[in-house]
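Student: What follows is upload_10.pdb, made up of PDB, C-alpha atoms and all ligand atoms:
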ATOM      1  CA  MET A   1     128.366  72.305 113.292  1.00  0.00           C
ATOM      2  CA  LYS A   2     126.589  70.795 110.302  1.00  0.00           C
ATOM      3  CA  ASN A   3     124.564  73.119 108.120  1.00  0.00           C
ATOM      4  CA  ASP A   4     125.928  76.286 109.692  1.00  0.00           C
ATOM      5  CA  PRO A   5     126.351  78.674 106.788  1.00  0.00           C
ATOM      6  CA  ILE A   6     127.819  82.157 106.899  1.00  0.00           C
ATOM      7  CA  LEU A   7     126.163  85.483 106.267  1.00  0.00           C
ATOM      8  CA  ARG A   8     127.681  88.914 105.848  1.00  0.00           C
ATOM      9  CA  VAL A   9     126.140  91.032 108.619  1.00  0.00           C
ATOM     10  CA  TYR A  10     126.316  94.791 108.994  1.00  0.00           C
ATOM     11  CA  GLU A  11     124.837  94.952 112.511  1.00  0.00           C
ATOM     12  CA  THR A  12     122.440  93.412 115.012  1.00  0.00           C
ATOM     13  CA  PHE A  13     120.512  95.412 117.588  1.00  0.00           C
ATOM     14  CA  ALA A  14     117.418  95.584 119.744  1.00  0.00           C
ATOM     15  CA  GLY A  15     115.164  98.401 118.559  1.00  0.00           C
ATOM     16  CA  ILE A  16     111.637  99.561 117.959  1.00  0.00           C
ATOM     17  CA  GLN A  17     109.821  98.448 114.828  1.00  0.00           C
ATOM     18  CA  GLY A  18     109.696 101.483 112.562  1.00  0.00           C
ATOM     19  CA  GLU A  19     107.628 100.738 109.497  1.00  0.00           C
ATOM     20  CA  SER A  20     105.111  97.934 109.470  1.00  0.00           C
ATOM     21  CA  THR A  21     101.823  96.998 111.069  1.00  0.00           C
ATOM     22  CA  ARG A  22     103.976  96.109 114.097  1.00  0.00           C
ATOM     23  CA  ALA A  23     105.433  99.637 114.292  1.00  0.00           C
ATOM     24  CA  GLY A  24     106.178 100.585 117.878  1.00  0.00           C
ATOM     25  CA  MET A  25     106.920  97.033 119.051  1.00  0.00           C
ATOM     26  CA  PRO A  26     110.299  95.939 120.441  1.00  0.00           C
ATOM     27  CA  CYS A  27     112.117  93.899 117.842  1.00  0.00           C
ATOM     28  CA  PHE A  28     115.530  92.288 117.400  1.00  0.00           C
ATOM     29  CA  PHE A  29     117.036  93.374 114.078  1.00  0.00           C
ATOM     30  CA  ILE A  30     119.542  91.477 111.962  1.00  0.00           C
ATOM     31  CA  ARG A  31     120.781  93.838 109.275  1.00  0.00           C
ATOM     32  CA  LEU A  32     122.564  91.970 106.491  1.00  0.00           C
ATOM     33  CA  SER A  33     125.112  93.651 104.240  1.00  0.00           C
ATOM     34  CA  GLY A  34     124.759  94.385 100.551  1.00  0.00           C
ATOM     35  CA  CYS A  35     122.084  95.564  98.155  1.00  0.00           C
ATOM     36  CA  PRO A  36     122.121  95.537  94.345  1.00  0.00           C
ATOM     37  CA  LEU A  37     119.700  98.495  94.065  1.00  0.00           C
ATOM     38  CA  ARG A  38     120.643 102.178  94.157  1.00  0.00           C
ATOM     39  CA  CYS A  39     117.580 104.006  95.466  1.00  0.00           C
ATOM     40  CA  ALA A  40     118.016 107.774  95.223  1.00  0.00           C
ATOM     41  CA  TRP A  41     116.950 108.242  98.843  1.00  0.00           C
ATOM     42  CA  CYS A  42     118.563 105.140 100.354  1.00  0.00           C
ATOM     43  CA  ASP A  43     118.682 105.542 104.134  1.00  0.00           C
ATOM     44  CA  THR A  44     120.898 102.504 104.803  1.00  0.00           C
ATOM     45  CA  LEU A  45     123.905 103.576 102.741  1.00  0.00           C
ATOM     46  CA  LYS A  46     126.442 102.138 105.184  1.00  0.00           C
ATOM     47  CA  ALA A  47     124.967  98.638 104.860  1.00  0.00           C
ATOM     48  CA  ARG A  48     124.686  98.771 101.055  1.00  0.00           C
ATOM     49  CA  PRO A  49     128.166  97.535 100.068  1.00  0.00           C
ATOM     50  CA  PHE A  50     128.419  93.721 100.078  1.00  0.00           C
ATOM     51  CA  GLN A  51     131.794  93.927 101.823  1.00  0.00           C
ATOM     52  CA  ALA A  52     130.429  96.045 104.710  1.00  0.00           C
ATOM     53  CA  GLY A  53     130.250  94.450 108.159  1.00  0.00           C
ATOM     54  CA  HIS A  54     131.625  91.033 108.988  1.00  0.00           C
ATOM     55  CA  ASP A  55     130.947  87.315 108.530  1.00  0.00           C
ATOM     56  CA  ARG A  56     128.733  85.550 111.054  1.00  0.00           C
ATOM     57  CA  LEU A  57     127.644  81.959 111.459  1.00  0.00           C
ATOM     58  CA  VAL A  58     123.903  81.511 111.192  1.00  0.00           C
ATOM     59  CA  SER A  59     123.888  79.614 114.510  1.00  0.00           C
ATOM     60  CA  SER A  60     125.475  82.573 116.329  1.00  0.00           C
ATOM     61  CA  LEU A  61     122.862  84.964 114.923  1.00  0.00           C
ATOM     62  CA  VAL A  62     120.048  82.674 116.040  1.00  0.00           C
ATOM     63  CA  ARG A  63     121.582  82.356 119.512  1.00  0.00           C
ATOM     64  CA  GLU A  64     121.910  86.136 119.807  1.00  0.00           C
ATOM     65  CA  ALA A  65     118.302  86.664 118.702  1.00  0.00           C
ATOM     66  CA  VAL A  66     117.027  84.140 121.247  1.00  0.00           C
ATOM     67  CA  GLU A  67     119.197  85.584 124.019  1.00  0.00           C
ATOM     68  CA  SER A  68     117.876  89.084 123.310  1.00  0.00           C
ATOM     69  CA  GLY A  69     114.648  87.961 124.989  1.00  0.00           C
ATOM     70  CA  ILE A  70     112.576  89.635 122.266  1.00  0.00           C
ATOM     71  CA  PRO A  71     110.213  87.225 120.507  1.00  0.00           C
ATOM     72  CA  LEU A  72     110.008  89.325 117.312  1.00  0.00           C
ATOM     73  CA  VAL A  73     112.949  89.381 114.905  1.00  0.00           C
ATOM     74  CA  GLU A  74     113.310  91.252 111.640  1.00  0.00           C
ATOM     75  CA  VAL A  75     115.838  90.336 108.980  1.00  0.00           C
ATOM     76  CA  THR A  76     116.628  93.480 107.014  1.00  0.00           C
ATOM     77  CA  GLY A  77     119.453  95.094 105.062  1.00  0.00           C
ATOM     78  CA  GLY A  78     120.766  96.192 102.652  1.00  0.00           C
ATOM     79  CA  GLU A  79     118.746  93.627 100.819  1.00  0.00           C
ATOM     80  CA  PRO A  80     118.600  90.411 102.846  1.00  0.00           C
ATOM     81  CA  LEU A  81     117.521  88.221  99.927  1.00  0.00           C
ATOM     82  CA  ALA A  82     120.655  89.137  97.989  1.00  0.00           C
ATOM     83  CA  GLN A  83     122.516  86.554 100.112  1.00  0.00           C
ATOM     84  CA  GLU A  84     121.779  82.903  99.379  1.00  0.00           C
ATOM     85  CA  ASN A  85     121.961  81.755 103.019  1.00  0.00           C
ATOM     86  CA  THR A  86     119.199  84.076 104.221  1.00  0.00           C
ATOM     87  CA  PRO A  87     116.380  81.486 103.851  1.00  0.00           C
ATOM     88  CA  GLU A  88     118.404  79.120 106.076  1.00  0.00           C
ATOM     89  CA  LEU A  89     118.762  81.840 108.721  1.00  0.00           C
ATOM     90  CA  CYS A  90     114.986  82.302 108.614  1.00  0.00           C
ATOM     91  CA  ARG A  91     114.379  78.557 108.928  1.00  0.00           C
ATOM     92  CA  GLN A  92     116.547  78.389 112.025  1.00  0.00           C
ATOM     93  CA  LEU A  93     114.972  81.500 113.595  1.00  0.00           C
ATOM     94  CA  LEU A  94     111.525  79.960 113.091  1.00  0.00           C
ATOM     95  CA  SER A  95     112.699  76.657 114.557  1.00  0.00           C
ATOM     96  CA  ALA A  96     113.873  78.585 117.619  1.00  0.00           C
ATOM     97  CA  GLY A  97     110.279  79.724 118.128  1.00  0.00           C
ATOM     98  CA  LEU A  98     110.697  83.350 117.014  1.00  0.00           C
ATOM     99  CA  ARG A  99     108.258  85.354 114.900  1.00  0.00           C
ATOM    100  CA  VAL A 100     110.215  86.345 111.808  1.00  0.00           C
ATOM    101  CA  LEU A 101     109.721  89.403 109.612  1.00  0.00           C
ATOM    102  CA  MET A 102     111.601  89.941 106.358  1.00  0.00           C
ATOM    103  CA  GLU A 103     111.992  93.491 105.024  1.00  0.00           C
ATOM    104  CA  THR A 104     112.833  93.170 101.344  1.00  0.00           C
ATOM    105  CA  ASN A 105     113.066  95.518  98.384  1.00  0.00           C
ATOM    106  CA  GLY A 106     110.686  93.867  95.927  1.00  0.00           C
ATOM    107  CA  ALA A 107     113.361  93.021  93.376  1.00  0.00           C
ATOM    108  CA  GLU A 108     114.359  89.610  94.822  1.00  0.00           C
ATOM    109  CA  ASP A 109     112.245  86.444  94.724  1.00  0.00           C
ATOM    110  CA  CYS A 110     110.398  86.148  98.061  1.00  0.00           C
ATOM    111  CA  THR A 111     109.117  82.637  97.336  1.00  0.00           C
ATOM    112  CA  VAL A 112     112.485  81.202  98.409  1.00  0.00           C
ATOM    113  CA  LEU A 113     111.564  82.016 102.015  1.00  0.00           C
ATOM    114  CA  PRO A 114     110.110  79.459 104.424  1.00  0.00           C
ATOM    115  CA  GLU A 115     106.331  79.630 104.725  1.00  0.00           C
ATOM    116  CA  GLY A 116     106.364  81.013 108.289  1.00  0.00           C
ATOM    117  CA  VAL A 117     108.231  84.220 107.408  1.00  0.00           C
ATOM    118  CA  ILE A 118     106.098  87.372 107.192  1.00  0.00           C
ATOM    119  CA  ARG A 119     107.160  89.376 104.158  1.00  0.00           C
ATOM    120  CA  ILE A 120     107.254  93.172 104.266  1.00  0.00           C
ATOM    121  CA  ILE A 121     107.852  94.064 100.653  1.00  0.00           C
ATOM    122  CA  ASP A 122     108.895  97.563  99.704  1.00  0.00           C
ATOM    123  CA  MET A 123     107.535  98.424  96.274  1.00  0.00           C
ATOM    124  CA  LYS A 124     109.906 101.098  95.039  1.00  0.00           C
ATOM    125  CA  PRO A 125     108.139 104.115  93.494  1.00  0.00           C
ATOM    126  CA  PRO A 126     109.534 106.316  90.681  1.00  0.00           C
ATOM    127  CA  SER A 127     111.332 108.723  93.067  1.00  0.00           C
ATOM    128  CA  SER A 128     113.640 105.824  94.020  1.00  0.00           C
ATOM    129  CA  GLY A 129     114.819 105.427  90.408  1.00  0.00           C
ATOM    130  CA  GLU A 130     114.400 101.642  90.837  1.00  0.00           C
ATOM    131  CA  SER A 131     110.686 101.052  90.221  1.00  0.00           C
ATOM    132  CA  LYS A 132     111.341  99.137  86.995  1.00  0.00           C
ATOM    133  CA  LYS A 133     113.296  96.473  88.892  1.00  0.00           C
ATOM    134  CA  MET A 134     110.325  95.210  90.885  1.00  0.00           C
ATOM    135  CA  LEU A 135     109.650  91.481  90.437  1.00  0.00           C
ATOM    136  CA  LYS A 136     105.963  91.122  89.551  1.00  0.00           C
ATOM    137  CA  LYS A 137     105.738  87.629  90.998  1.00  0.00           C
ATOM    138  CA  ASN A 138     106.330  89.046  94.498  1.00  0.00           C
ATOM    139  CA  PHE A 139     103.141  91.054  94.261  1.00  0.00           C
ATOM    140  CA  GLN A 140     101.066  88.203  92.819  1.00  0.00           C
ATOM    141  CA  THR A 141     101.897  85.662  95.534  1.00  0.00           C
ATOM    142  CA  LEU A 142     101.069  87.550  98.740  1.00  0.00           C
ATOM    143  CA  ARG A 143      99.419  85.950 101.764  1.00  0.00           C
ATOM    144  CA  PRO A 144      97.081  87.810 104.179  1.00  0.00           C
ATOM    145  CA  CYS A 145      99.910  88.015 106.738  1.00  0.00           C
ATOM    146  CA  ASP A 146     102.244  89.797 104.296  1.00  0.00           C
ATOM    147  CA  GLU A 147     102.655  93.547 103.934  1.00  0.00           C
ATOM    148  CA  VAL A 148     103.370  95.817 100.986  1.00  0.00           C
ATOM    149  CA  LYS A 149     104.902  99.191 101.717  1.00  0.00           C
ATOM    150  CA  PHE A 150     105.214 102.250  99.507  1.00  0.00           C
ATOM    151  CA  VAL A 151     107.458 105.111 100.639  1.00  0.00           C
ATOM    152  CA  ILE A 152     105.818 108.115  98.981  1.00  0.00           C
ATOM    153  CA  CYS A 153     107.721 111.318  98.198  1.00  0.00           C
ATOM    154  CA  ASP A 154     105.362 113.119  95.826  1.00  0.00           C
ATOM    155  CA  ARG A 155     102.231 112.927  93.655  1.00  0.00           C
ATOM    156  CA  ARG A 156     103.985 110.784  91.032  1.00  0.00           C
ATOM    157  CA  ASP A 157     104.821 108.178  93.656  1.00  0.00           C
ATOM    158  CA  TYR A 158     101.239 108.275  94.919  1.00  0.00           C
ATOM    159  CA  ASP A 159      99.848 107.700  91.415  1.00  0.00           C
ATOM    160  CA  PHE A 160     102.283 104.806  90.930  1.00  0.00           C
ATOM    161  CA  ALA A 161     101.161 103.211  94.220  1.00  0.00           C
ATOM    162  CA  ARG A 162      97.495 103.667  93.355  1.00  0.00           C
ATOM    163  CA  SER A 163      98.027 102.007  89.951  1.00  0.00           C
ATOM    164  CA  ALA A 164      99.947  99.108  91.530  1.00  0.00           C
ATOM    165  CA  LEU A 165      97.127  98.619  94.000  1.00  0.00           C
ATOM    166  CA  ALA A 166      94.718  98.121  91.095  1.00  0.00           C
ATOM    167  CA  GLU A 167      97.060  96.197  88.765  1.00  0.00           C
ATOM    168  CA  PHE A 168      98.044  93.560  91.339  1.00  0.00           C
ATOM    169  CA  ARG A 169      94.751  93.624  93.278  1.00  0.00           C
ATOM    170  CA  LEU A 170      96.908  94.053  96.351  1.00  0.00           C
ATOM    171  CA  ALA A 171      94.048  94.706  98.756  1.00  0.00           C
ATOM    172  CA  ASP A 172      92.389  91.422  97.717  1.00  0.00           C
ATOM    173  CA  GLN A 173      95.512  89.557  98.786  1.00  0.00           C
ATOM    174  CA  THR A 174      96.349  91.277 102.077  1.00  0.00           C
ATOM    175  CA  PRO A 175      94.798  93.931 104.332  1.00  0.00           C
ATOM    176  CA  ASN A 176      98.303  95.282 105.019  1.00  0.00           C
ATOM    177  CA  ILE A 177      98.986  97.893 102.334  1.00  0.00           C
ATOM    178  CA  LEU A 178     101.065 100.672 103.828  1.00  0.00           C
ATOM    179  CA  PHE A 179     101.539 104.164 102.414  1.00  0.00           C
ATOM    180  CA  SER A 180     104.480 105.736 104.163  1.00  0.00           C
ATOM    181  CA  PRO A 181     105.020 109.506 103.673  1.00  0.00           C
ATOM    182  CA  ALA A 182     108.753 110.096 103.213  1.00  0.00           C
ATOM    183  CA  PHE A 183     109.899 111.818 106.397  1.00  0.00           C
ATOM    184  CA  GLY A 184     110.448 115.566 105.900  1.00  0.00           C
ATOM    185  CA  THR A 185     109.560 115.357 102.173  1.00  0.00           C
ATOM    186  CA  MET A 186     105.944 114.312 101.698  1.00  0.00           C
ATOM    187  CA  ASP A 187     103.290 116.583 103.172  1.00  0.00           C
ATOM    188  CA  MET A 188     101.347 114.183 105.436  1.00  0.00           C
ATOM    189  CA  PRO A 189      97.948 115.954 105.446  1.00  0.00           C
ATOM    190  CA  LYS A 190      98.151 116.110 101.634  1.00  0.00           C
ATOM    191  CA  LEU A 191      98.753 112.375 101.372  1.00  0.00           C
ATOM    192  CA  CYS A 192      95.832 111.703 103.742  1.00  0.00           C
ATOM    193  CA  GLU A 193      93.654 113.967 101.608  1.00  0.00           C
ATOM    194  CA  TRP A 194      94.514 112.025  98.410  1.00  0.00           C
ATOM    195  CA  ILE A 195      93.880 108.658 100.086  1.00  0.00           C
ATOM    196  CA  LEU A 196      90.534 109.795 101.457  1.00  0.00           C
ATOM    197  CA  ARG A 197      89.482 111.333  98.162  1.00  0.00           C
ATOM    198  CA  ASP A 198      90.251 108.090  96.299  1.00  0.00           C
ATOM    199  CA  ARG A 199      88.844 105.905  99.119  1.00  0.00           C
ATOM    200  CA  LEU A 200      91.932 103.691  98.971  1.00  0.00           C
ATOM    201  CA  PRO A 201      91.947 100.591 101.224  1.00  0.00           C
ATOM    202  CA  VAL A 202      95.384 101.394 102.620  1.00  0.00           C
ATOM    203  CA  ARG A 203      96.918 102.409 105.908  1.00  0.00           C
ATOM    204  CA  ILE A 204      99.083 105.461 106.587  1.00  0.00           C
ATOM    205  CA  ASN A 205     102.353 104.243 108.014  1.00  0.00           C
ATOM    206  CA  LEU A 206     104.550 106.785 109.789  1.00  0.00           C
ATOM    207  CA  GLN A 207     108.306 106.211 109.896  1.00  0.00           C
ATOM    208  CA  PHE A 208     108.379 105.680 113.685  1.00  0.00           C
ATOM    209  CA  HIS A 209     112.139 105.275 113.939  1.00  0.00           C
ATOM    210  CA  LYS A 210     112.644 108.732 112.375  1.00  0.00           C
ATOM    211  CA  ILE A 211     110.024 110.327 114.627  1.00  0.00           C
ATOM    212  CA  ILE A 212     111.715 108.822 117.692  1.00  0.00           C
ATOM    213  CA  TRP A 213     115.393 109.141 116.757  1.00  0.00           C
ATOM    214  CA  GLY A 214     115.370 111.854 114.108  1.00  0.00           C
ATOM    215  CA  ALA A 215     115.514 112.185 110.331  1.00  0.00           C
ATOM    216  CA  ASP A 216     118.957 110.564 110.084  1.00  0.00           C
ATOM    217  CA  ALA A 217     117.843 107.298 111.712  1.00  0.00           C
ATOM    218  CA  GLU A 218     118.565 104.403 109.368  1.00  0.00           C
ATOM    219  CA  GLY A 219     115.693 102.518 107.764  1.00  0.00           C
ATOM    220  CA  VAL A 220     114.692  99.186 109.271  1.00  0.00           C
TER     221      VAL A 220
HETATM  222  S1  LIG A 301     116.637  98.713  98.460  1.00  0.00           S
HETATM  223 FE1  LIG A 301     117.008  99.576 100.485  1.00  0.00          FE
HETATM  224  S2  LIG A 301     119.207  99.272 100.868  1.00  0.00           S
HETATM  225 FE2  LIG A 301     118.864  98.941  98.687  1.00  0.00          FE
HETATM  226  S3  LIG A 301     119.323 100.942  97.757  1.00  0.00           S
HETATM  227 FE3  LIG A 301     117.102 100.841  98.118  1.00  0.00          FE
HETATM  228  S4  LIG A 301     116.799 101.791 100.142  1.00  0.00           S
HETATM  229 FE4  LIG A 301     119.002 101.285  99.951  1.00  0.00          FE
END
Have the structure of the file written as structure tokens, please.
Ligand code: SF4

Tutor:
Amino acid sequence: MKNDPILRVYETFAGIQGESTRAGMPCFFIRLSGCPLRCAWCDTLKARPFQAGHDRLVSSLVREAVESGIPLVEVTGGEPLAQENTPELCRQLLSAGLRVLMETNGAEDCTVLPEGVIRIIDMKPPSSGESKKMLKKNFQTLRPCDEVKFVICDRRDYDFARSALAEFRLADQTPNILFSPAFGTMDMPKLCEWILRDRLPVRINLQFHKIIWGADAEGV
């Protein structure tokens, strides 16, 4: 088949959206292999090596997503934008009539994606050890449909997220700014208290997949 590139895929599965404004919805996940970052609390360690998983044709991934019968598909990782054929996968998923979400780590250029893809961009806070690798352009070119997520472990992470909110005028670009208390680490009432005290225009985002399947559930 013409234009049928290959992607390294760790796994595909039908699951429940864990961390976005669509949390709780059935979703078909395509988890690509490989990530150049080394977040201290990475919860997808098995998918992080670029050699993990196996090669798949883009056409077979699209067929599987369509046959799942779930109209919502998320491309995740690892870091999906670390593979050059990911935009083509997204183009073909969109052409198949699916709603496409992209969960990405903030360090790769999101503007390579087709217009119809909804970006869920993780801005890595200091506790990750990777906050300096964030690509500013990603946070200056958001659309109202896009989402920015901060996984918050402690007060330092909260202060970082609050500063980013102001620096990039995130809430002027999208209503979907998510503060996600790190499961089992961040005291949730405390985070709510800080947000309320500062009157931040953000939304608390619980890690649904960990609540449902336990603390060891992999990130989505
Ligand atoms: S960006 Fe995601 S996959 Fe990569 S190291 Fe961080 S948590 Fe793990």

Student: Could you tell me how far atom CA of Glu19 of chain A sits from atom CA of Leu206 of chain A, in Å to one decimal place?

Tutor: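 Spanning atom CA of Leu206 of chain A to atom CA of Glu19 of chain A is a straight-line distance of 6.8 Å.
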
Student: List, as a VMD selection string, every residue that the PyMOL selection byres (((not hetatm)) within 8 of (chain A and resi 301)) selects in the file provided.

Tutor: chain A and resid 34 to 45 47 to 48 77 to 79 104 to 105 122 124 128 130 219

Student: Can you spell out as an MDAnalysis selection string the set of residues that the PyMOL selection byres (((chain A and resi 5) around 12) and not hetatm) selects in the structure I just provided?

Tutor: chainID A and resid 1:4 6:8 55:62 83:89 92

Student: Expand the PyMOL selection byres (((chain A and resi 93) around 12) and not hetatm) into the individual residues it matches in the shown file, reporting them as a VMD selection string.

Tutor: chain A and resid 28 30 58 to 67 71 to 75 86 to 92 94 to 102 114 116 to 117

Student: Atoms to include: C-alpha atoms. Write the selected residues as a short mmCIF file (atom, residue, chain, number, x, y, z; two decimals), in the coordinates of the input.

Tutor:
data_model
loop_
_atom_site.label_atom_id
_atom_site.label_comp_id
_atom_site.auth_asym_id
_atom_site.auth_seq_id
_atom_site.Cartn_x
_atom_site.Cartn_y
_atom_site.Cartn_z
CA PHE A 28 115.53 92.29 117.40
CA ILE A 30 119.54 91.48 111.96
CA VAL A 58 123.90 81.51 111.19
CA SER A 59 123.89 79.61 114.51
CA SER A 60 125.48 82.57 116.33
CA LEU A 61 122.86 84.96 114.92
CA VAL A 62 120.05 82.67 116.04
CA ARG A 63 121.58 82.36 119.51
CA GLU A 64 121.91 86.14 119.81
CA ALA A 65 118.30 86.66 118.70
CA VAL A 66 117.03 84.14 121.25
CA GLU A 67 119.20 85.58 124.02
CA PRO A 71 110.21 87.22 120.51
CA LEU A 72 110.01 89.32 117.31
CA VAL A 73 112.95 89.38 114.90
CA GLU A 74 113.31 91.25 111.64
CA VAL A 75 115.84 90.34 108.98
CA THR A 86 119.20 84.08 104.22
CA PRO A 87 116.38 81.49 103.85
CA GLU A 88 118.40 79.12 106.08
CA LEU A 89 118.76 81.84 108.72
CA CYS A 90 114.99 82.30 108.61
CA ARG A 91 114.38 78.56 108.93
CA GLN A 92 116.55 78.39 112.02
CA LEU A 94 111.52 79.96 113.09
CA SER A 95 112.70 76.66 114.56
CA ALA A 96 113.87 78.58 117.62
CA GLY A 97 110.28 79.72 118.13
CA LEU A 98 110.70 83.35 117.01
CA ARG A 99 108.26 85.35 114.90
CA VAL A 100 110.22 86.34 111.81
CA LEU A 101 109.72 89.40 109.61
CA MET A 102 111.60 89.94 106.36
CA PRO A 114 110.11 79.46 104.42
CA GLY A 116 106.36 81.01 108.29
CA VAL A 117 108.23 84.22 107.41
#

Student: Which residue out of A:Met186, A:Pro125, A:Ser180, A:Lys133 has the minimum interatomic distance to Ala161 of chain A when only C-alpha atoms are used?

Tutor: A:Pro125
